[in-house]
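Undergrad: Could you have a look at this structure, given as structure tokens, before my questions?
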Amino acid sequence: MVKTVIISRVADGLPLAASMDDEESEDLTEYKNQAKSIFKKLSKAGTEQRCSIESGSYFFHYLIECGICYLCLCERSYPKKLAFSFLEELQAEFQSKYGTEVGTVARPYAFVKFDTFIQKTKKQYKDTRAQRNINKLNEDLQDVTRIMTKNIQDVLGRGEHLDRMSTLSSTLSSESKKYYKDAKKLNWMAIYQKYGPLVAVFLFIVIILYIRYKWF
């Protein structure tokens, strides 16, 4: 069955709506945090528009339409075809109601009222043996076998690696600038130590001669 739903704007990962009464008997905090991490990576080039991501006892399924990501967390045994049919119903309703407003909202969960439709639709998809869902499984709406399946560690791990590389690159750049400044400072100090005493003696002699000729 569908455990939780989050709808997010792809450009910046801003959550727009979510299911509010998820299974209280289970702690889904870890998976919701993983979902947030997934959203952060969706704006990158080459992101699949439909994808299933394996994570422990569950699967994340998401689809992207019109710059909006519709993501649900389902049990491993839940049919992929039903999961994407569920997401398509959410997408059609959400786009119809709020599609023109998505680009202008700035606060998280601006469309929290959409949870009413999410809960109603979740109930319809809860029982895979219901005739309605059996009919959907028999329909050839889309070839879900062609939807890419990934592992959560691959999705998040690769992104974390890229983030670490970016951080390392920034650190090296900062350290390089600092080293350049320090090296420049050391060069001036070396010049001062080498020629400073000679310059001081020269200036001392000049001052003595100036005073001597001034008075005599």
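Letters for chains follow the order of the structure tokens (A, B, ...), residue numbers begin at 1 for each chain, and ligand numbers begin at 1 in the order shown.
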Could you give me the residues within segment 10-160 of chain A that DSSP places in strand (DSSP E), as a PyMOL selection string?
TA: chain A and resi 15-18+50-55+58-65+68-75+148-151
Undergrad: Hey, can you spit out that residue selection with N, CA, C and O atoms as a compact mmCIF listing (two decimals), in the first residue's frame?
TA:
# COMPACT_ATOMS: atom_id res chain seq x y z
N PRO A 15 8.59 21.80 -0.88
CA PRO A 15 7.42 20.92 -0.74
C PRO A 15 6.14 21.73 -0.90
O PRO A 15 5.97 22.77 -0.27
N LEU A 16 5.24 21.23 -1.73
CA LEU A 16 4.00 21.94 -2.02
C LEU A 16 2.81 21.34 -1.27
O LEU A 16 1.93 22.05 -0.82
N ALA A 17 2.82 20.01 -1.15
CA ALA A 17 1.73 19.31 -0.46
C ALA A 17 2.24 17.95 -0.02
O ALA A 17 3.26 17.47 -0.51
N ALA A 18 1.51 17.33 0.92
CA ALA A 18 1.92 16.01 1.41
C ALA A 18 0.75 15.36 2.11
O ALA A 18 -0.22 16.02 2.51
N ARG A 50 10.44 9.56 -14.72
CA ARG A 50 9.76 8.53 -13.95
C ARG A 50 10.80 7.57 -13.43
O ARG A 50 11.66 7.11 -14.19
N CYS A 51 10.71 7.26 -12.15
CA CYS A 51 11.75 6.41 -11.58
C CYS A 51 11.24 5.73 -10.32
O CYS A 51 10.38 6.25 -9.60
N SER A 52 11.76 4.52 -10.06
CA SER A 52 11.49 3.80 -8.82
C SER A 52 12.82 3.63 -8.09
O SER A 52 13.83 3.27 -8.70
N ILE A 53 12.82 3.90 -6.79
CA ILE A 53 14.04 3.85 -6.01
C ILE A 53 13.85 2.90 -4.83
O ILE A 53 12.99 3.13 -3.97
N GLU A 54 14.65 1.87 -4.79
CA GLU A 54 14.56 0.87 -3.73
C GLU A 54 15.22 1.39 -2.46
O GLU A 54 16.34 1.88 -2.49
N SER A 55 14.52 1.25 -1.32
CA SER A 55 15.08 1.69 -0.04
C SER A 55 14.56 0.79 1.07
O SER A 55 13.42 0.93 1.52
N TYR A 58 10.94 -0.69 1.37
CA TYR A 58 10.01 0.11 0.58
C TYR A 58 10.59 0.50 -0.78
O TYR A 58 11.78 0.28 -1.06
N PHE A 59 9.72 1.09 -1.57
CA PHE A 59 10.12 1.68 -2.84
C PHE A 59 9.59 3.11 -2.89
O PHE A 59 8.44 3.37 -2.53
N PHE A 60 10.44 4.04 -3.33
CA PHE A 60 9.97 5.36 -3.72
C PHE A 60 9.61 5.28 -5.19
O PHE A 60 10.37 4.72 -5.99
N HIS A 61 8.46 5.82 -5.56
CA HIS A 61 8.09 5.96 -6.97
C HIS A 61 7.80 7.44 -7.20
O HIS A 61 7.13 8.08 -6.39
N TYR A 62 8.34 7.98 -8.28
CA TYR A 62 8.02 9.39 -8.56
C TYR A 62 7.85 9.62 -10.05
O TYR A 62 8.40 8.89 -10.89
N LEU A 63 7.08 10.64 -10.35
CA LEU A 63 6.96 11.12 -11.73
C LEU A 63 7.05 12.63 -11.70
O LEU A 63 6.65 13.28 -10.73
N ILE A 64 7.60 13.18 -12.76
CA ILE A 64 7.76 14.63 -12.88
C ILE A 64 6.96 15.13 -14.07
O ILE A 64 7.10 14.61 -15.18
N GLU A 65 6.11 16.10 -13.83
CA GLU A 65 5.31 16.73 -14.89
C GLU A 65 5.24 18.22 -14.63
O GLU A 65 4.96 18.65 -13.50
N ILE A 68 6.90 19.74 -11.58
CA ILE A 68 6.44 19.29 -10.27
C ILE A 68 6.72 17.80 -10.12
O ILE A 68 6.47 17.02 -11.06
N CYS A 69 7.23 17.40 -8.96
CA CYS A 69 7.52 15.99 -8.70
C CYS A 69 6.46 15.43 -7.75
O CYS A 69 6.21 15.99 -6.68
N TYR A 70 5.87 14.32 -8.16
CA TYR A 70 4.88 13.61 -7.34
C TYR A 70 5.53 12.31 -6.87
O TYR A 70 5.86 11.45 -7.70
N LEU A 71 5.75 12.19 -5.58
CA LEU A 71 6.49 11.05 -5.04
C LEU A 71 5.66 10.32 -3.99
O LEU A 71 5.01 10.96 -3.15
N CYS A 72 5.71 8.99 -4.04
CA CYS A 72 5.04 8.20 -3.00
C CYS A 72 5.97 7.10 -2.52
O CYS A 72 6.85 6.64 -3.25
N LEU A 73 5.79 6.71 -1.27
CA LEU A 73 6.54 5.61 -0.67
C LEU A 73 5.58 4.44 -0.52
O LEU A 73 4.52 4.57 0.09
N CYS A 74 5.96 3.29 -1.09
CA CYS A 74 5.09 2.11 -1.07
C CYS A 74 5.83 0.89 -0.54
O CYS A 74 7.06 0.83 -0.58
N GLU A 75 5.07 -0.07 -0.07
CA GLU A 75 5.65 -1.34 0.33
C GLU A 75 6.26 -2.01 -0.91
O GLU A 75 5.80 -1.80 -2.03
N MET A 148 13.01 3.15 -14.98
CA MET A 148 14.27 2.80 -14.34
C MET A 148 14.09 2.57 -12.85
O MET A 148 13.35 3.30 -12.17
N THR A 149 14.77 1.54 -12.34
CA THR A 149 14.79 1.26 -10.92
C THR A 149 16.20 1.47 -10.39
O THR A 149 17.16 0.97 -10.96
N LYS A 150 16.31 2.22 -9.30
CA LYS A 150 17.61 2.52 -8.71
C LYS A 150 17.61 2.12 -7.24
O LYS A 150 16.57 1.83 -6.65
N ASN A 151 18.79 2.16 -6.65
CA ASN A 151 18.93 1.93 -5.22
C ASN A 151 19.16 3.27 -4.53
O ASN A 151 19.85 4.14 -5.05
Undergrad: Using only C-alpha atoms, determine which residues lie at most 12 Å from Gln124 of chain A, disregarding the query and same-chain residues fewer than 6 positions distant; provide the list as a ChimeraX atom specification.
TA: /A:1-2,82-83,85-86,89,117-118,130-134,136
Undergrad: Can I get the selection written as a compact mmCIF listing (two decimals), in the first residue's frame, with all heavy atoms?
TA:
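Here's the written file selection08.txt:
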# COMPACT_ATOMS: atom_id res chain seq x y z
N MET A 1 0.82 -1.20 0.00
CA MET A 1 0.00 0.00 0.00
C MET A 1 0.86 1.25 0.00
O MET A 1 2.06 1.20 0.27
CB MET A 1 -0.93 0.01 1.22
CG MET A 1 -0.20 0.05 2.56
SD MET A 1 -1.31 0.09 3.98
CE MET A 1 -2.05 1.72 3.78
N VAL A 2 0.25 2.37 -0.30
CA VAL A 2 0.95 3.66 -0.31
C VAL A 2 1.08 4.15 1.13
O VAL A 2 0.09 4.27 1.85
CB VAL A 2 0.19 4.69 -1.16
CG1 VAL A 2 0.88 6.04 -1.09
CG2 VAL A 2 0.07 4.23 -2.60
N LEU A 82 0.30 0.09 -10.24
CA LEU A 82 -0.69 0.80 -9.43
C LEU A 82 -0.10 2.06 -8.83
O LEU A 82 -0.77 3.10 -8.73
CB LEU A 82 -1.22 -0.10 -8.31
CG LEU A 82 -2.30 -1.11 -8.67
CD1 LEU A 82 -2.79 -1.82 -7.40
CD2 LEU A 82 -3.47 -0.46 -9.38
N ALA A 83 1.17 1.99 -8.40
CA ALA A 83 1.82 3.16 -7.80
C ALA A 83 1.85 4.32 -8.79
O ALA A 83 1.54 5.47 -8.44
CB ALA A 83 3.24 2.80 -7.35
N SER A 85 -0.05 4.65 -11.49
CA SER A 85 -1.42 5.05 -11.80
C SER A 85 -1.95 6.00 -10.72
O SER A 85 -2.62 7.00 -11.00
CB SER A 85 -2.31 3.80 -11.89
OG SER A 85 -3.65 4.16 -12.18
N PHE A 86 -1.60 5.69 -9.46
CA PHE A 86 -1.95 6.54 -8.33
C PHE A 86 -1.34 7.93 -8.49
O PHE A 86 -2.01 8.96 -8.33
CB PHE A 86 -1.46 5.87 -7.04
CG PHE A 86 -1.49 6.74 -5.83
CD1 PHE A 86 -2.69 7.06 -5.18
CD2 PHE A 86 -0.32 7.26 -5.29
CE1 PHE A 86 -2.72 7.85 -4.05
CE2 PHE A 86 -0.33 8.05 -4.15
CZ PHE A 86 -1.54 8.35 -3.53
N GLU A 89 -3.06 10.05 -11.14
CA GLU A 89 -4.32 10.67 -10.68
C GLU A 89 -4.04 11.91 -9.85
O GLU A 89 -4.73 12.94 -9.97
CB GLU A 89 -5.14 9.65 -9.88
CG GLU A 89 -5.80 8.59 -10.74
CD GLU A 89 -6.96 7.91 -10.04
OE1 GLU A 89 -7.66 8.60 -9.26
OE2 GLU A 89 -7.17 6.71 -10.26
N PHE A 117 -7.68 15.22 -1.11
CA PHE A 117 -7.73 14.38 -2.33
C PHE A 117 -6.73 13.23 -2.21
O PHE A 117 -7.02 12.12 -2.66
CB PHE A 117 -7.42 15.24 -3.56
CG PHE A 117 -7.51 14.46 -4.85
CD1 PHE A 117 -8.75 14.26 -5.45
CD2 PHE A 117 -6.37 13.94 -5.44
CE1 PHE A 117 -8.84 13.52 -6.64
CE2 PHE A 117 -6.46 13.21 -6.62
CZ PHE A 117 -7.69 13.00 -7.23
N ILE A 118 -5.56 13.50 -1.63
CA ILE A 118 -4.55 12.45 -1.47
C ILE A 118 -5.13 11.29 -0.65
O ILE A 118 -5.00 10.11 -1.01
CB ILE A 118 -3.28 13.00 -0.79
CG1 ILE A 118 -2.57 13.99 -1.71
CG2 ILE A 118 -2.33 11.84 -0.44
CD1 ILE A 118 -1.34 14.66 -1.08
N ALA A 130 -9.06 -5.07 -5.04
CA ALA A 130 -10.32 -4.43 -5.41
C ALA A 130 -10.48 -4.45 -6.93
O ALA A 130 -9.50 -4.33 -7.67
CB ALA A 130 -10.34 -3.00 -4.89
N GLN A 131 -11.70 -4.60 -7.40
CA GLN A 131 -11.94 -4.76 -8.83
C GLN A 131 -11.40 -3.57 -9.62
O GLN A 131 -10.85 -3.73 -10.71
CB GLN A 131 -13.45 -4.91 -9.09
CG GLN A 131 -13.79 -5.25 -10.55
CD GLN A 131 -13.16 -6.56 -10.99
OE1 GLN A 131 -13.24 -7.56 -10.29
NE2 GLN A 131 -12.51 -6.55 -12.15
N ARG A 132 -11.57 -2.38 -9.04
CA ARG A 132 -11.07 -1.18 -9.71
C ARG A 132 -9.58 -1.27 -9.97
O ARG A 132 -9.09 -0.93 -11.05
CB ARG A 132 -11.38 0.05 -8.85
CG ARG A 132 -10.83 1.37 -9.37
CD ARG A 132 -11.18 2.48 -8.39
NE ARG A 132 -10.72 3.78 -8.87
CZ ARG A 132 -9.49 4.24 -8.69
NH1 ARG A 132 -8.59 3.50 -8.08
NH2 ARG A 132 -9.16 5.44 -9.14
N ASN A 133 -8.83 -1.74 -8.98
CA ASN A 133 -7.37 -1.82 -9.12
C ASN A 133 -6.95 -3.00 -9.99
O ASN A 133 -5.93 -2.94 -10.68
CB ASN A 133 -6.74 -1.91 -7.73
CG ASN A 133 -6.93 -0.64 -6.94
OD1 ASN A 133 -7.03 0.44 -7.51
ND2 ASN A 133 -6.99 -0.75 -5.62
N ILE A 134 -7.72 -4.09 -9.93
CA ILE A 134 -7.42 -5.22 -10.82
C ILE A 134 -7.58 -4.79 -12.27
O ILE A 134 -6.77 -5.15 -13.14
CB ILE A 134 -8.37 -6.41 -10.51
CG1 ILE A 134 -8.02 -7.00 -9.14
CG2 ILE A 134 -8.28 -7.47 -11.60
CD1 ILE A 134 -8.97 -8.09 -8.69
N LYS A 136 -7.14 -1.81 -13.41
CA LYS A 136 -6.00 -0.95 -13.75
C LYS A 136 -4.75 -1.78 -14.03
O LYS A 136 -3.95 -1.45 -14.90
CB LYS A 136 -5.73 0.06 -12.63
CG LYS A 136 -6.76 1.18 -12.56
CD LYS A 136 -6.37 2.24 -11.56
CE LYS A 136 -7.33 3.42 -11.65
NZ LYS A 136 -7.21 4.15 -12.93
Undergrad: Between atom CA of Lys80 of chain A and atom CA of Val5 of chain A, what distance in Å does the model show, to one decimal?
TA: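 The value is 15.0 Å.
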Undergrad: Ranking A:Val112, A:Ile147, A:Ala35, A:Leu90 by minimum distance to Met20 of chain A and counting only C-alpha atoms, which one comes first?
TA: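 Answer, going by the shortest atom-to-atom distance: A:Val112.
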Undergrad: Can you work out the spacing between atom CA of Ser19 of chain A and atom CA of Ser77 of chain A in Å, to one decimal?
TA: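 Value for the atom CA of Ser19 of chain A-atom CA of Ser77 of chain A distance: 20.7 Å.
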Undergrad: Can you work out the spacing between atom CA of Phe84 of chain A and atom CA of Asp127 of chain A in Å, to one decimal?
TA: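 For atom CA of Phe84 of chain A relative to atom CA of Asp127 of chain A, the distance reads 15.2 Å.
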